[in-house]
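The file upload30.cif contains mmCIF, C-alpha atoms; chains and numbers go by the auth columns:
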```
data_run
#
loop_
_atom_site.group_PDB
_atom_site.id
_atom_site.type_symbol
_atom_site.label_atom_id
_atom_site.label_comp_id
_atom_site.label_asym_id
_atom_site.label_seq_id
_atom_site.Cartn_x
_atom_site.Cartn_y
_atom_site.Cartn_z
_atom_site.B_iso_or_equiv
_atom_site.auth_seq_id
_atom_site.auth_asym_id
ATOM 1 C CA MET A 1 6.914 -65.295 -74.167 0.00 1 A
ATOM 2 C CA VAL A 2 4.388 -65.876 -76.868 0.00 2 A
ATOM 3 C CA GLY A 3 2.059 -68.802 -77.173 0.00 3 A
ATOM 4 C CA PRO A 4 -1.174 -70.228 -75.870 0.00 4 A
ATOM 5 C CA HIS A 5 -1.677 -71.548 -72.371 0.00 5 A
ATOM 6 C CA PRO A 6 0.032 -73.579 -70.931 0.00 6 A
ATOM 7 C CA TYR A 7 3.195 -72.819 -72.940 0.00 7 A
ATOM 8 C CA PRO A 8 4.362 -69.676 -71.045 0.00 8 A
ATOM 9 C CA ASP A 9 3.907 -71.370 -67.681 0.00 9 A
ATOM 10 C CA MET A 10 5.682 -74.520 -68.866 0.00 10 A
ATOM 11 C CA VAL A 11 8.670 -72.522 -70.107 0.00 11 A
ATOM 12 C CA ALA A 12 8.920 -70.614 -66.827 0.00 12 A
ATOM 13 C CA ARG A 13 8.765 -73.817 -64.779 0.00 13 A
ATOM 14 C CA PHE A 14 11.307 -75.633 -66.948 0.00 14 A
ATOM 15 C CA GLN A 15 13.680 -72.669 -66.939 0.00 15 A
ATOM 16 C CA ALA A 16 13.266 -72.218 -63.163 0.00 16 A
ATOM 17 C CA VAL A 17 16.380 -74.357 -62.827 0.00 17 A
ATOM 18 C CA VAL A 18 18.246 -71.083 -63.441 0.00 18 A
ATOM 19 C CA SER A 19 16.888 -69.407 -60.288 0.00 19 A
ATOM 20 C CA GLU A 20 17.297 -72.662 -58.350 0.00 20 A
ATOM 21 C CA GLU A 21 20.962 -72.573 -59.286 0.00 21 A
ATOM 22 C CA ILE A 22 21.211 -68.898 -58.274 0.00 22 A
ATOM 23 C CA LYS A 23 19.746 -69.747 -54.866 0.00 23 A
ATOM 24 C CA TRP A 24 22.039 -72.747 -54.401 0.00 24 A
ATOM 25 C CA GLN A 25 25.236 -70.940 -55.422 0.00 25 A
ATOM 26 C CA LEU A 26 24.431 -67.854 -53.359 0.00 26 A
ATOM 27 C CA LYS A 27 23.696 -70.027 -50.309 0.00 27 A
ATOM 28 C CA THR A 28 26.965 -71.895 -50.806 0.00 28 A
ATOM 29 C CA LYS A 29 29.128 -68.812 -51.382 0.00 29 A
ATOM 30 C CA GLU A 30 27.470 -66.159 -49.199 0.00 30 A
ATOM 31 C CA GLY A 31 25.170 -68.019 -46.809 0.00 31 A
ATOM 32 C CA ARG A 32 21.967 -66.472 -48.187 0.00 32 A
ATOM 33 C CA GLU A 33 19.486 -67.436 -50.920 0.00 33 A
ATOM 34 C CA SER A 34 18.176 -64.029 -51.943 0.00 34 A
ATOM 35 C CA PRO A 35 20.368 -61.749 -54.039 0.00 35 A
ATOM 36 C CA ASP A 36 19.969 -57.983 -54.016 0.00 36 A
ATOM 37 C CA TYR A 37 19.408 -57.948 -57.785 0.00 37 A
ATOM 38 C CA VAL A 38 18.726 -60.450 -60.568 0.00 38 A
ATOM 39 C CA VAL A 39 19.582 -59.241 -64.081 0.00 39 A
ATOM 40 C CA ALA A 40 18.363 -61.231 -67.092 0.00 40 A
ATOM 41 C CA CYS A 41 18.105 -60.723 -70.843 0.00 41 A
ATOM 42 C CA VAL A 42 14.568 -60.603 -72.228 0.00 42 A
ATOM 43 C CA GLY A 43 14.969 -61.292 -75.945 0.00 43 A
ATOM 44 C CA GLY A 44 12.665 -64.320 -76.061 0.00 44 A
ATOM 45 C CA GLY A 45 11.654 -64.344 -72.422 0.00 45 A
ATOM 46 C CA SER A 46 12.716 -67.798 -71.280 0.00 46 A
ATOM 47 C CA ASN A 47 15.991 -66.642 -69.698 0.00 47 A
ATOM 48 C CA ALA A 48 14.250 -63.980 -67.635 0.00 48 A
ATOM 49 C CA ALA A 49 11.364 -66.297 -66.785 0.00 49 A
ATOM 50 C CA GLY A 50 13.789 -68.826 -65.340 0.00 50 A
ATOM 51 C CA ALA A 51 16.055 -66.351 -63.573 0.00 51 A
ATOM 52 C CA PHE A 52 13.159 -64.449 -61.994 0.00 52 A
ATOM 53 C CA TYR A 53 10.933 -67.458 -61.187 0.00 53 A
ATOM 54 C CA HIS A 54 11.834 -67.983 -57.520 0.00 54 A
ATOM 55 C CA TYR A 55 12.087 -64.259 -56.801 0.00 55 A
ATOM 56 C CA LEU A 56 8.816 -62.920 -58.217 0.00 56 A
ATOM 57 C CA GLU A 57 7.178 -62.641 -54.789 0.00 57 A
ATOM 58 C CA ASP A 58 10.327 -61.614 -52.897 0.00 58 A
ATOM 59 C CA THR A 59 10.131 -57.832 -52.573 0.00 59 A
ATOM 60 C CA ARG A 60 13.716 -57.679 -51.271 0.00 60 A
ATOM 61 C CA VAL A 61 15.060 -58.773 -54.673 0.00 61 A
ATOM 62 C CA LYS A 62 15.141 -56.197 -57.471 0.00 62 A
ATOM 63 C CA LEU A 63 14.469 -57.786 -60.880 0.00 63 A
ATOM 64 C CA ILE A 64 16.100 -56.079 -63.858 0.00 64 A
ATOM 65 C CA ALA A 65 15.210 -57.072 -67.413 0.00 65 A
ATOM 66 C CA VAL A 66 17.593 -55.944 -70.183 0.00 66 A
ATOM 67 C CA GLU A 67 17.689 -56.159 -73.931 0.00 67 A
ATOM 68 C CA ALA A 68 20.344 -55.023 -76.377 0.00 68 A
ATOM 69 C CA ALA A 69 19.510 -51.889 -78.356 0.00 69 A
ATOM 70 C CA GLY A 70 20.994 -53.356 -81.529 0.00 70 A
ATOM 71 C CA LYS A 71 23.002 -50.219 -82.280 0.00 71 A
ATOM 72 C CA GLY A 72 26.341 -52.001 -82.593 0.00 72 A
ATOM 73 C CA ILE A 73 29.629 -51.565 -80.767 0.00 73 A
ATOM 74 C CA HIS A 74 30.810 -48.786 -83.097 0.00 74 A
ATOM 75 C CA SER A 75 27.703 -46.619 -82.731 0.00 75 A
ATOM 76 C CA GLU A 76 27.633 -43.190 -81.116 0.00 76 A
ATOM 77 C CA ARG A 77 25.310 -44.615 -78.425 0.00 77 A
ATOM 78 C CA VAL A 78 27.895 -47.126 -77.230 0.00 78 A
ATOM 79 C CA ARG A 79 30.691 -44.531 -77.274 0.00 79 A
ATOM 80 C CA ARG A 80 28.622 -42.202 -75.042 0.00 80 A
ATOM 81 C CA LEU A 81 27.950 -45.020 -72.572 0.00 81 A
ATOM 82 C CA LEU A 82 31.630 -45.967 -72.344 0.00 82 A
ATOM 83 C CA SER A 83 33.029 -42.468 -71.933 0.00 83 A
#
```

Please, can you express the file's structure as structure tokens?
Amino acid sequence: MVGPHPYPDMVARFQAVVSEEIKWQLKTKEGRESPDYVVACVGGGSNAAGAFYHYLEDTRVKLIAVEAAGKGIHSERVRRLLS
């Protein structure tokens, strides 16, 4: 996330509803609040900031940030990954 203080912190706190929802749904469905992994896209940062927020200090949860390579579905790179 880009911007002066307090913008990055504000975005993370506002988007934290995402990780709150993860915790709630996991508790409801599986009886636990901590997933093994949290995967989030990192294009602008707010999605990852929200998804990771409640798990940053939890060493049991592996946080995985991903971003598309922009090669396109018909590229050689995608074909190699799918084969």

- Message: Please return as a PyMOL selection string every residue within 7 Å of (19.1, -59.6, -70.5), taking into account only C-alpha atoms and the file's own coordinates.
- Response: chain A and resi 39-42+65-67

Export C-alpha atoms of the chosen residues as a compact mmCIF listing (two decimals), in the coordinates of the input?
```
# COMPACT_ATOMS: atom_id res chain seq x y z
CA VAL A 39 19.58 -59.24 -64.08
CA ALA A 40 18.36 -61.23 -67.09
CA CYS A 41 18.10 -60.72 -70.84
CA VAL A 42 14.57 -60.60 -72.23
CA ALA A 65 15.21 -57.07 -67.41
CA VAL A 66 17.59 -55.94 -70.18
CA GLU A 67 17.69 -56.16 -73.93
```

- Message: Using only C-alpha atoms, which protein or nucleic acid residues come within 9 Å of stretch 23-36 of chain A? Drop anything in the same chain fewer than 5 positions from it, and give the result as JSON, numbers by chain.
- Response: {"A": [18, 54, 55, 58, 60, 61, 62, 63]}

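Considering all atoms listed in the file, the residue among A:Tyr37, A:Gln15, A:Glu76, A:Lys71 positioned nearest to A:Ala51 is A:Gln15.
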
- Task: To one decimal in Å, tell me the separation between atom CA of A:Val11 and atom CA of A:Gly45.
- Result: 9.0 Å

- Item | d(atom CA of A:Ala49, atom CA of A:Ala16) in Å | 7.2 Å
